[in-house]
Amino acid sequence: MLISVAGNETSMKRGTKATPLFPSGHLLPFVLITVLFFLWGIPNNLNDVLIRQFMKSFAISRFQAGLIQFAFYLGYFVLAMPAAILMRRLGYKAGFVIGLFLFGTGTFLFWPAAVVGNYGFFLIALFVIASGLSFLETASNPFIAQMGDPESSERRLNFSQAFNPLGSITGVLIGTLFIFSGVELNPAQVESMKAQHLYDAYLRSETLRVVRPYLALGAIAIFWALLIWRTKFPSIQSEHEAAGDHGRFAELFRYPHFLMAVAAQFMYVGAQVGTWSYFIQYVQEFTHQPEKIAGYFLTGTLGAFLIGRFSSAYLMRFVAPHKLLGAYALVNVVLVGFAVTYPGWAGLWAVFLTSFFMFPTIFALGLKGLGPNTKIGGSLIVMAIVGGALIPLLMGRIADIRHSIAPAYLVPLIAYVAVAVYAFIGARPKGIPA
């Protein structure tokens with residue numbers, strides 16, 4: 001169901017407390033799709049572990065390791081629009097099933113990639129995984145937002161999105177426990193192993209450690225696709241607009257709040273992905289902790305993200321979503337600025353706390369009032385996730401040039417400033433027809 005001016009006026013009169021959060025009579029589809037937010041959080045944050053793991057197993061630089069996020073989020077960018085076009089014909093349910101099968105296929109490609117021992121092959125597998133996740137996110141976010149009372153769309157979507165950090169935590173724990181071996185060689189040990197012709201065997205064993213977790217994840221994805229395929233789903237209004245009106249790309253330029261949402265999503269996702277991608281290295285560089293301990297710190301900061309998501313879902317009952325988004329972005333500007341200025345244990349905890357104030361409600365704010373343009377608009381916001389491909393690459397390059405990860409965190413700081421500007425200036429829909 002779509003949001004209109006009339007609906008917003010009613011919301012102001014009634015208050016958001018009176019509106020139901022969950023869709024009546026369709027709890028099973030709601031649960032099945034909410035679980036998807038959990039599932040795609042796992043590979044998203046397994047990437048943070050892979051960056052460290054592949055730097056070790058392939059002996060690559062930070063910039064080269066940043067290609068992991070580049071390949072991954074490039075998949076989102078490339079497939080978001082085809083996903084939207086396909087779902088305009090076949091509906092959201094088809095998008096869920098196709099996305100899960102692509103997701104599973106990409107994880108299964110990790111096995112031949114490890115056998116060949118080729119870094120580029122892994123990047124292709126990550127691209128396929130992200131292609132599937134692009135289908136899932138393009139479908140899931142608007143499906144949940146429109147599945148019920150439009151006045152509670154932000155709260156409902158934020159509730160489902162709150163399960164994403166549970167997947168993120170699970171992904172990092174899987175990586176820390178089953179991918180990280182805890183064996184970290186210093187330069188002298190590397191030279192010694194090379195002299196004994198053991199170094200290649202060590203690199204191969206480290207590479208093979210990634211296979212089993214991804215095969216298990218792929219099996220779960222295929223199973224969930226079969227569950228969704230066999231479940232009856234409710235009709236969503238934007239799937240069946242009168243006279244077959246599915247919206248037009250050109251009409252989106254009539255909505256300034258949407259255009260600014262696309263830019264803000266680019267900056268927000270880039271800041272989030274960049275912060276987590278190099279957090280393990282920040283911990284190791286400035287506190288000299290082993291990789292497993294650094295992995296547990298990353299797990300902890302994702303726990304802060306989880307708490308922040310559920311608490312923000314509650315706070316949105318009393319605070320306008322755009323105001324909460326802006327306030328949280330400003331807090332993160334201060335925290336990241338401190339981490340850059342004072343690297344060390346204090347800076348570590350500052351970066352740690354930024355996760356609590358990551359508040360991704362941009363998607364719901366950007367889709368308000370788009371009517372039949374909701375699907376294509378949602379796909380463009382998903383395409384903006386390409387910020388997660390580019391900003392970590394920029395951070396890796398800065399870190400390589402400055403020989404330190406701390407200056408690289410100036411990039412997410414600037415991104416949070418941009419998000420705050422969007423929240424306070426550009427997030428309110430203007431002139432939207434009922």
# chains A, B, ... in the order shown; residues from 1 in each chain; ligands from 1

call {"tool": "residues_around", "arguments": {"residues": "A:Trp229", "least_positions_apart": "3", "cutoff": "7 Å", "atoms": "only C-alpha atoms", "output": "PyMOL selection string"}}
result
chain A and resi 97+225-226

call {"tool": "residues_around", "arguments": {"residues": "A:Ile228", "least_positions_apart": "4", "cutoff": "9 Å", "atoms": "only C-alpha atoms", "output": "MDAnalysis selection string"}}
result
chainID A and resid 29 32:33 93 96:97 223:224 232:233

call {"tool": "write_last_selection", "arguments": {"atoms": "N, CA and C atoms", "output": "tab-separated table (two decimals), in the first residue's frame"}}
result
chain	number	residue	atom	x	y	z
A	29	PRO	N	4.32	-14.95	5.34
A	29	PRO	CA	5.18	-14.28	4.36
A	29	PRO	C	6.04	-13.18	4.98
A	32	LEU	N	8.95	-14.95	6.63
A	32	LEU	CA	9.88	-15.50	5.64
A	32	LEU	C	10.77	-14.42	5.03
A	33	ILE	N	10.19	-13.26	4.75
A	33	ILE	CA	10.97	-12.18	4.13
A	33	ILE	C	11.83	-11.46	5.16
A	93	LYS	N	7.65	-12.05	-5.43
A	93	LYS	CA	7.97	-13.43	-5.06
A	93	LYS	C	9.01	-14.02	-6.00
A	96	PHE	N	12.40	-12.85	-4.99
A	96	PHE	CA	12.96	-13.55	-3.83
A	96	PHE	C	13.59	-14.88	-4.25
A	97	VAL	N	12.87	-15.65	-5.05
A	97	VAL	CA	13.34	-16.99	-5.43
A	97	VAL	C	14.60	-16.90	-6.30
A	223	PHE	N	17.46	-23.82	0.28
A	223	PHE	CA	16.33	-24.31	1.07
A	223	PHE	C	15.28	-23.22	1.29
A	224	TRP	N	15.74	-22.00	1.59
A	224	TRP	CA	14.79	-20.90	1.85
A	224	TRP	C	14.06	-20.50	0.57
A	232	LYS	N	2.06	-19.05	-0.21
A	232	LYS	CA	1.19	-18.09	-0.86
A	232	LYS	C	1.48	-16.69	-0.33
A	233	PHE	N	1.70	-15.74	-1.24
A	233	PHE	CA	2.04	-14.38	-0.86
A	233	PHE	C	0.87	-13.43	-1.13

call {"tool": "closest_residue", "arguments": {"among": "A:Phe30, A:Phe110, A:Tyr199, A:Tyr342", "to": "A:Ala145", "atoms": "only C-alpha atoms"}}
result
A:Phe30

call {"tool": "closest_atom_pairs", "arguments": {"of": "stretch 147-177 of chain A", "to": "stretch 34-40 of chain A", "cutoff": "12 Å", "atoms": "only C-alpha atoms", "output": "JSON lines"}}
result
{"residue": "A:Met147", "atom": "CA", "partner": "A:Thr34", "partner_atom": "CA", "distance": 11.7}
{"residue": "A:Arg156", "atom": "CA", "partner": "A:Thr34", "partner_atom": "CA", "distance": 10.2}
{"residue": "A:Leu157", "atom": "CA", "partner": "A:Thr34", "partner_atom": "CA", "distance": 9.1}
{"residue": "A:Asn158", "atom": "CA", "partner": "A:Thr34", "partner_atom": "CA", "distance": 10.5}
{"residue": "A:Phe159", "atom": "CA", "partner": "A:Thr34", "partner_atom": "CA", "distance": 8.6}
{"residue": "A:Ser160", "atom": "CA", "partner": "A:Thr34", "partner_atom": "CA", "distance": 5.1}
{"residue": "A:Gln161", "atom": "CA", "partner": "A:Phe37", "partner_atom": "CA", "distance": 6.0}
{"residue": "A:Ala162", "atom": "CA", "partner": "A:Phe37", "partner_atom": "CA", "distance": 8.0}
{"residue": "A:Phe163", "atom": "CA", "partner": "A:Phe38", "partner_atom": "CA", "distance": 5.1}
{"residue": "A:Asn164", "atom": "CA", "partner": "A:Phe38", "partner_atom": "CA", "distance": 4.4}
{"residue": "A:Pro165", "atom": "CA", "partner": "A:Phe38", "partner_atom": "CA", "distance": 7.0}
{"residue": "A:Leu166", "atom": "CA", "partner": "A:Phe38", "partner_atom": "CA", "distance": 6.0}
{"residue": "A:Gly167", "atom": "CA", "partner": "A:Phe38", "partner_atom": "CA", "distance": 4.3}
{"residue": "A:Ser168", "atom": "CA", "partner": "A:Phe38", "partner_atom": "CA", "distance": 7.5}
{"residue": "A:Ile169", "atom": "CA", "partner": "A:Phe38", "partner_atom": "CA", "distance": 9.6}
{"residue": "A:Thr170", "atom": "CA", "partner": "A:Phe38", "partner_atom": "CA", "distance": 8.9}
{"residue": "A:Gly171", "atom": "CA", "partner": "A:Leu39", "partner_atom": "CA", "distance": 9.2}

call {"tool": "write_last_selection", "arguments": {"atoms": "all heavy atoms", "output": "compact mmCIF listing (two decimals), in the first residue's frame"}}
result
# COMPACT_ATOMS: atom_id res chain seq x y z
N MET A 147 3.67 -3.72 2.91
CA MET A 147 2.89 -4.86 3.39
C MET A 147 2.21 -4.50 4.71
O MET A 147 2.60 -4.95 5.78
CB MET A 147 3.81 -6.07 3.58
CG MET A 147 3.09 -7.37 3.80
SD MET A 147 4.27 -8.70 4.14
CE MET A 147 3.17 -10.09 4.32
N ARG A 156 7.82 -0.53 10.40
CA ARG A 156 7.77 -1.94 9.99
C ARG A 156 9.06 -2.33 9.26
O ARG A 156 9.64 -3.38 9.52
CB ARG A 156 6.56 -2.18 9.09
CG ARG A 156 6.39 -3.61 8.63
CD ARG A 156 5.02 -3.84 8.01
NE ARG A 156 4.70 -2.89 6.97
CZ ARG A 156 3.86 -1.87 7.13
NH1 ARG A 156 3.26 -1.68 8.29
NH2 ARG A 156 3.61 -1.04 6.13
N LEU A 157 9.51 -1.45 8.35
CA LEU A 157 10.73 -1.75 7.62
C LEU A 157 11.93 -1.74 8.56
O LEU A 157 12.83 -2.59 8.46
CB LEU A 157 10.93 -0.73 6.50
CG LEU A 157 12.16 -0.92 5.61
CD1 LEU A 157 12.17 -2.32 5.00
CD2 LEU A 157 12.19 0.13 4.50
N ASN A 158 11.96 -0.80 9.49
CA ASN A 158 13.08 -0.75 10.43
C ASN A 158 13.10 -1.99 11.33
O ASN A 158 14.16 -2.49 11.70
CB ASN A 158 13.02 0.51 11.29
CG ASN A 158 14.38 0.90 11.84
OD1 ASN A 158 15.29 1.23 11.11
ND2 ASN A 158 14.51 0.83 13.15
N PHE A 159 11.90 -2.52 11.66
CA PHE A 159 11.82 -3.74 12.46
C PHE A 159 12.44 -4.91 11.70
O PHE A 159 13.26 -5.65 12.24
CB PHE A 159 10.35 -4.06 12.79
CG PHE A 159 10.16 -5.36 13.52
CD1 PHE A 159 10.27 -5.43 14.91
CD2 PHE A 159 9.90 -6.54 12.83
CE1 PHE A 159 10.11 -6.62 15.59
CE2 PHE A 159 9.74 -7.75 13.50
CZ PHE A 159 9.84 -7.79 14.88
N SER A 160 12.06 -5.07 10.43
CA SER A 160 12.63 -6.16 9.63
C SER A 160 14.12 -5.96 9.42
O SER A 160 14.92 -6.90 9.52
CB SER A 160 11.91 -6.26 8.28
OG SER A 160 10.57 -6.65 8.44
N GLN A 161 14.52 -4.72 9.13
CA GLN A 161 15.93 -4.42 8.93
C GLN A 161 16.75 -4.66 10.20
O GLN A 161 17.95 -4.90 10.12
CB GLN A 161 16.11 -2.98 8.46
CG GLN A 161 15.67 -2.74 7.04
CD GLN A 161 15.79 -1.28 6.64
OE1 GLN A 161 15.80 -0.39 7.48
NE2 GLN A 161 15.87 -1.03 5.35
N ALA A 162 16.10 -4.61 11.35
CA ALA A 162 16.82 -4.82 12.60
C ALA A 162 17.37 -6.23 12.72
O ALA A 162 18.28 -6.49 13.52
CB ALA A 162 15.91 -4.52 13.79
N PHE A 163 16.86 -7.17 11.92
CA PHE A 163 17.39 -8.53 11.94
C PHE A 163 18.64 -8.66 11.07
O PHE A 163 19.35 -9.67 11.15
CB PHE A 163 16.32 -9.53 11.49
CG PHE A 163 15.23 -9.72 12.50
CD1 PHE A 163 14.13 -8.88 12.54
CD2 PHE A 163 15.34 -10.71 13.47
CE1 PHE A 163 13.13 -9.04 13.49
CE2 PHE A 163 14.36 -10.88 14.43
CZ PHE A 163 13.25 -10.03 14.45
N ASN A 164 18.90 -7.65 10.26
CA ASN A 164 20.11 -7.67 9.43
C ASN A 164 21.38 -7.71 10.26
O ASN A 164 22.30 -8.48 9.97
CB ASN A 164 20.10 -6.47 8.49
CG ASN A 164 21.27 -6.46 7.54
OD1 ASN A 164 22.19 -5.68 7.72
ND2 ASN A 164 21.25 -7.31 6.54
N PRO A 165 21.49 -6.89 11.34
CA PRO A 165 22.71 -7.00 12.16
C PRO A 165 22.87 -8.33 12.86
O PRO A 165 23.99 -8.72 13.18
CB PRO A 165 22.58 -5.84 13.16
CG PRO A 165 21.17 -5.42 13.11
CD PRO A 165 20.67 -5.73 11.74
N LEU A 166 21.77 -9.07 13.12
CA LEU A 166 21.91 -10.42 13.66
C LEU A 166 22.67 -11.30 12.66
O LEU A 166 23.54 -12.09 13.04
CB LEU A 166 20.54 -11.03 13.95
CG LEU A 166 19.83 -10.59 15.23
CD1 LEU A 166 18.43 -11.19 15.26
CD2 LEU A 166 20.61 -11.02 16.45
N GLY A 167 22.33 -11.14 11.38
CA GLY A 167 23.07 -11.86 10.34
C GLY A 167 24.51 -11.39 10.25
O GLY A 167 25.43 -12.19 10.05
N SER A 168 24.70 -10.07 10.42
CA SER A 168 26.06 -9.52 10.38
C SER A 168 26.92 -10.11 11.49
O SER A 168 28.07 -10.50 11.27
CB SER A 168 26.01 -8.00 10.51
OG SER A 168 25.27 -7.43 9.45
N ILE A 169 26.36 -10.17 12.70
CA ILE A 169 27.07 -10.74 13.84
C ILE A 169 27.39 -12.21 13.57
O ILE A 169 28.51 -12.68 13.82
CB ILE A 169 26.23 -10.59 15.13
CG1 ILE A 169 26.14 -9.12 15.52
CG2 ILE A 169 26.83 -11.40 16.27
CD1 ILE A 169 25.14 -8.85 16.62
N THR A 170 26.39 -12.93 13.05
CA THR A 170 26.60 -14.35 12.74
C THR A 170 27.71 -14.52 11.72
O THR A 170 28.57 -15.41 11.85
CB THR A 170 25.30 -14.97 12.21
OG1 THR A 170 24.26 -14.81 13.18
CG2 THR A 170 25.47 -16.45 11.91
N GLY A 171 27.71 -13.67 10.69
CA GLY A 171 28.73 -13.77 9.65
C GLY A 171 30.13 -13.56 10.20
O GLY A 171 31.07 -14.32 9.87

call {"tool": "residues_around", "arguments": {"residues": "A:Ile398", "least_positions_apart": "3", "cutoff": "12 Å", "atoms": "only C-alpha atoms", "output": "ChimeraX atom specification"}}
result
/A:61-63,66,278,391-395,401-411

call {"tool": "residues_around", "arguments": {"residues": "stretch 326-328 of chain A", "least_positions_apart": "3", "cutoff": "8 Å", "atoms": "only C-alpha atoms", "output": "ChimeraX atom specification"}}
result
/A:322-323,331-332,357-359,419-424

call {"tool": "write_last_selection", "arguments": {"atoms": "N, CA and C atoms", "output": "compact mmCIF listing (two decimals), in the first residue's frame"}}
result
# COMPACT_ATOMS: atom_id res chain seq x y z
N HIS A 322 13.50 11.23 10.03
CA HIS A 322 14.56 12.04 9.43
C HIS A 322 15.36 12.79 10.49
N LYS A 323 14.72 13.20 11.57
CA LYS A 323 15.43 13.89 12.64
C LYS A 323 16.36 12.93 13.38
N VAL A 331 26.40 12.51 15.46
CA VAL A 331 27.16 11.82 16.51
C VAL A 331 28.33 11.05 15.90
N ASN A 332 28.07 10.40 14.77
CA ASN A 332 29.13 9.62 14.13
C ASN A 332 30.23 10.50 13.53
N PHE A 357 25.06 4.06 16.16
CA PHE A 357 24.40 5.22 15.57
C PHE A 357 24.27 5.12 14.05
N MET A 358 24.45 3.92 13.50
CA MET A 358 24.17 3.70 12.09
C MET A 358 22.68 3.42 11.95
N PHE A 359 21.98 4.30 11.25
CA PHE A 359 20.52 4.27 11.24
C PHE A 359 20.02 4.34 9.80
N VAL A 419 25.16 12.62 4.95
CA VAL A 419 23.91 12.00 5.42
C VAL A 419 23.15 12.96 6.32
N ALA A 420 23.86 13.67 7.19
CA ALA A 420 23.22 14.64 8.09
C ALA A 420 22.55 15.76 7.29
N VAL A 421 23.22 16.23 6.25
CA VAL A 421 22.64 17.27 5.39
C VAL A 421 21.35 16.77 4.75
N TYR A 422 21.38 15.54 4.24
CA TYR A 422 20.17 14.95 3.66
C TYR A 422 19.05 14.88 4.69
N ALA A 423 19.36 14.41 5.88
CA ALA A 423 18.34 14.19 6.90
C ALA A 423 17.63 15.48 7.29
N PHE A 424 18.38 16.55 7.45
CA PHE A 424 17.79 17.80 7.94
C PHE A 424 17.25 18.70 6.83

call {"tool": "closest_residue", "arguments": {"among": "A:Arg88, A:Arg428, A:His26, A:Arg52", "to": "A:Pro372", "atoms": "only C-alpha atoms"}}
result
A:Arg88

call {"tool": "residues_around", "arguments": {"residues": "A:Leu215", "least_positions_apart": "4", "cutoff": "8 Å", "atoms": "only C-alpha atoms", "output": "PDB file with all heavy atoms, in the first residue's frame"}}
result
ATOM      1  N   THR A 107      27.875 -18.774  -3.610  1.00  0.00           N
ATOM      2  CA  THR A 107      28.591 -19.408  -2.496  1.00  0.00           C
ATOM      3  C   THR A 107      29.213 -20.735  -2.925  1.00  0.00           C
ATOM      4  O   THR A 107      30.320 -21.070  -2.497  1.00  0.00           O
ATOM      5  CB  THR A 107      27.649 -19.647  -1.301  1.00  0.00           C
ATOM      6  OG1 THR A 107      26.564 -20.501  -1.711  1.00  0.00           O
ATOM      7  CG2 THR A 107      27.081 -18.344  -0.770  1.00  0.00           C
ATOM      8  N   PHE A 108      28.518 -21.479  -3.776  1.00  0.00           N
ATOM      9  CA  PHE A 108      29.073 -22.758  -4.245  1.00  0.00           C
ATOM     10  C   PHE A 108      30.318 -22.557  -5.106  1.00  0.00           C
ATOM     11  O   PHE A 108      31.171 -23.450  -5.191  1.00  0.00           O
ATOM     12  CB  PHE A 108      28.012 -23.545  -5.031  1.00  0.00           C
ATOM     13  CG  PHE A 108      26.834 -23.994  -4.193  1.00  0.00           C
ATOM     14  CD1 PHE A 108      25.576 -24.115  -4.749  1.00  0.00           C
ATOM     15  CD2 PHE A 108      26.998 -24.286  -2.838  1.00  0.00           C
ATOM     16  CE1 PHE A 108      24.492 -24.529  -3.983  1.00  0.00           C
ATOM     17  CE2 PHE A 108      25.918 -24.690  -2.061  1.00  0.00           C
ATOM     18  CZ  PHE A 108      24.665 -24.816  -2.638  1.00  0.00           C
ATOM     19  N   PHE A 110      32.731 -20.769  -4.404  1.00  0.00           N
ATOM     20  CA  PHE A 110      33.913 -20.649  -3.550  1.00  0.00           C
ATOM     21  C   PHE A 110      34.753 -21.925  -3.566  1.00  0.00           C
ATOM     22  O   PHE A 110      35.975 -21.865  -3.385  1.00  0.00           O
ATOM     23  CB  PHE A 110      33.487 -20.313  -2.113  1.00  0.00           C
ATOM     24  CG  PHE A 110      33.545 -18.848  -1.805  1.00  0.00           C
ATOM     25  CD1 PHE A 110      32.815 -17.934  -2.558  1.00  0.00           C
ATOM     26  CD2 PHE A 110      34.335 -18.367  -0.776  1.00  0.00           C
ATOM     27  CE1 PHE A 110      32.864 -16.586  -2.283  1.00  0.00           C
ATOM     28  CE2 PHE A 110      34.393 -17.015  -0.496  1.00  0.00           C
ATOM     29  CZ  PHE A 110      33.651 -16.122  -1.257  1.00  0.00           C
ATOM     30  N   TRP A 111      34.105 -23.064  -3.780  1.00  0.00           N
ATOM     31  CA  TRP A 111      34.861 -24.323  -3.782  1.00  0.00           C
ATOM     32  C   TRP A 111      35.831 -24.395  -4.960  1.00  0.00           C
ATOM     33  O   TRP A 111      37.039 -24.564  -4.754  1.00  0.00           O
ATOM     34  CB  TRP A 111      33.886 -25.514  -3.782  1.00  0.00           C
ATOM     35  CG  TRP A 111      34.575 -26.845  -3.738  1.00  0.00           C
ATOM     36  CD1 TRP A 111      35.780 -27.144  -3.184  1.00  0.00           C
ATOM     37  CD2 TRP A 111      34.077 -28.066  -4.300  1.00  0.00           C
ATOM     38  NE1 TRP A 111      36.071 -28.484  -3.335  1.00  0.00           N
ATOM     39  CE2 TRP A 111      35.043 -29.075  -4.021  1.00  0.00           C
ATOM     40  CE3 TRP A 111      32.910 -28.420  -4.977  1.00  0.00           C
ATOM     41  CZ2 TRP A 111      34.867 -30.391  -4.430  1.00  0.00           C
ATOM     42  CZ3 TRP A 111      32.734 -29.732  -5.363  1.00  0.00           C
ATOM     43  CH2 TRP A 111      33.714 -30.705  -5.089  1.00  0.00           C
ATOM     44  N   VAL A 211      36.023 -22.261   2.421  1.00  0.00           N
ATOM     45  CA  VAL A 211      35.084 -23.038   1.599  1.00  0.00           C
ATOM     46  C   VAL A 211      33.878 -23.530   2.396  1.00  0.00           C
ATOM     47  O   VAL A 211      32.713 -23.295   2.010  1.00  0.00           O
ATOM     48  CB  VAL A 211      35.799 -24.227   0.931  1.00  0.00           C
ATOM     49  CG1 VAL A 211      34.789 -25.107   0.202  1.00  0.00           C
ATOM     50  CG2 VAL A 211      36.858 -23.723  -0.047  1.00  0.00           C
ATOM     51  N   ALA A 219      23.637 -23.788   0.952  1.00  0.00           N
ATOM     52  CA  ALA A 219      22.587 -24.792   1.153  1.00  0.00           C
ATOM     53  C   ALA A 219      21.364 -24.174   1.828  1.00  0.00           C
ATOM     54  O   ALA A 219      20.215 -24.472   1.466  1.00  0.00           O
ATOM     55  CB  ALA A 219      23.132 -25.944   1.991  1.00  0.00           C
TER      56      ALA A 219
END
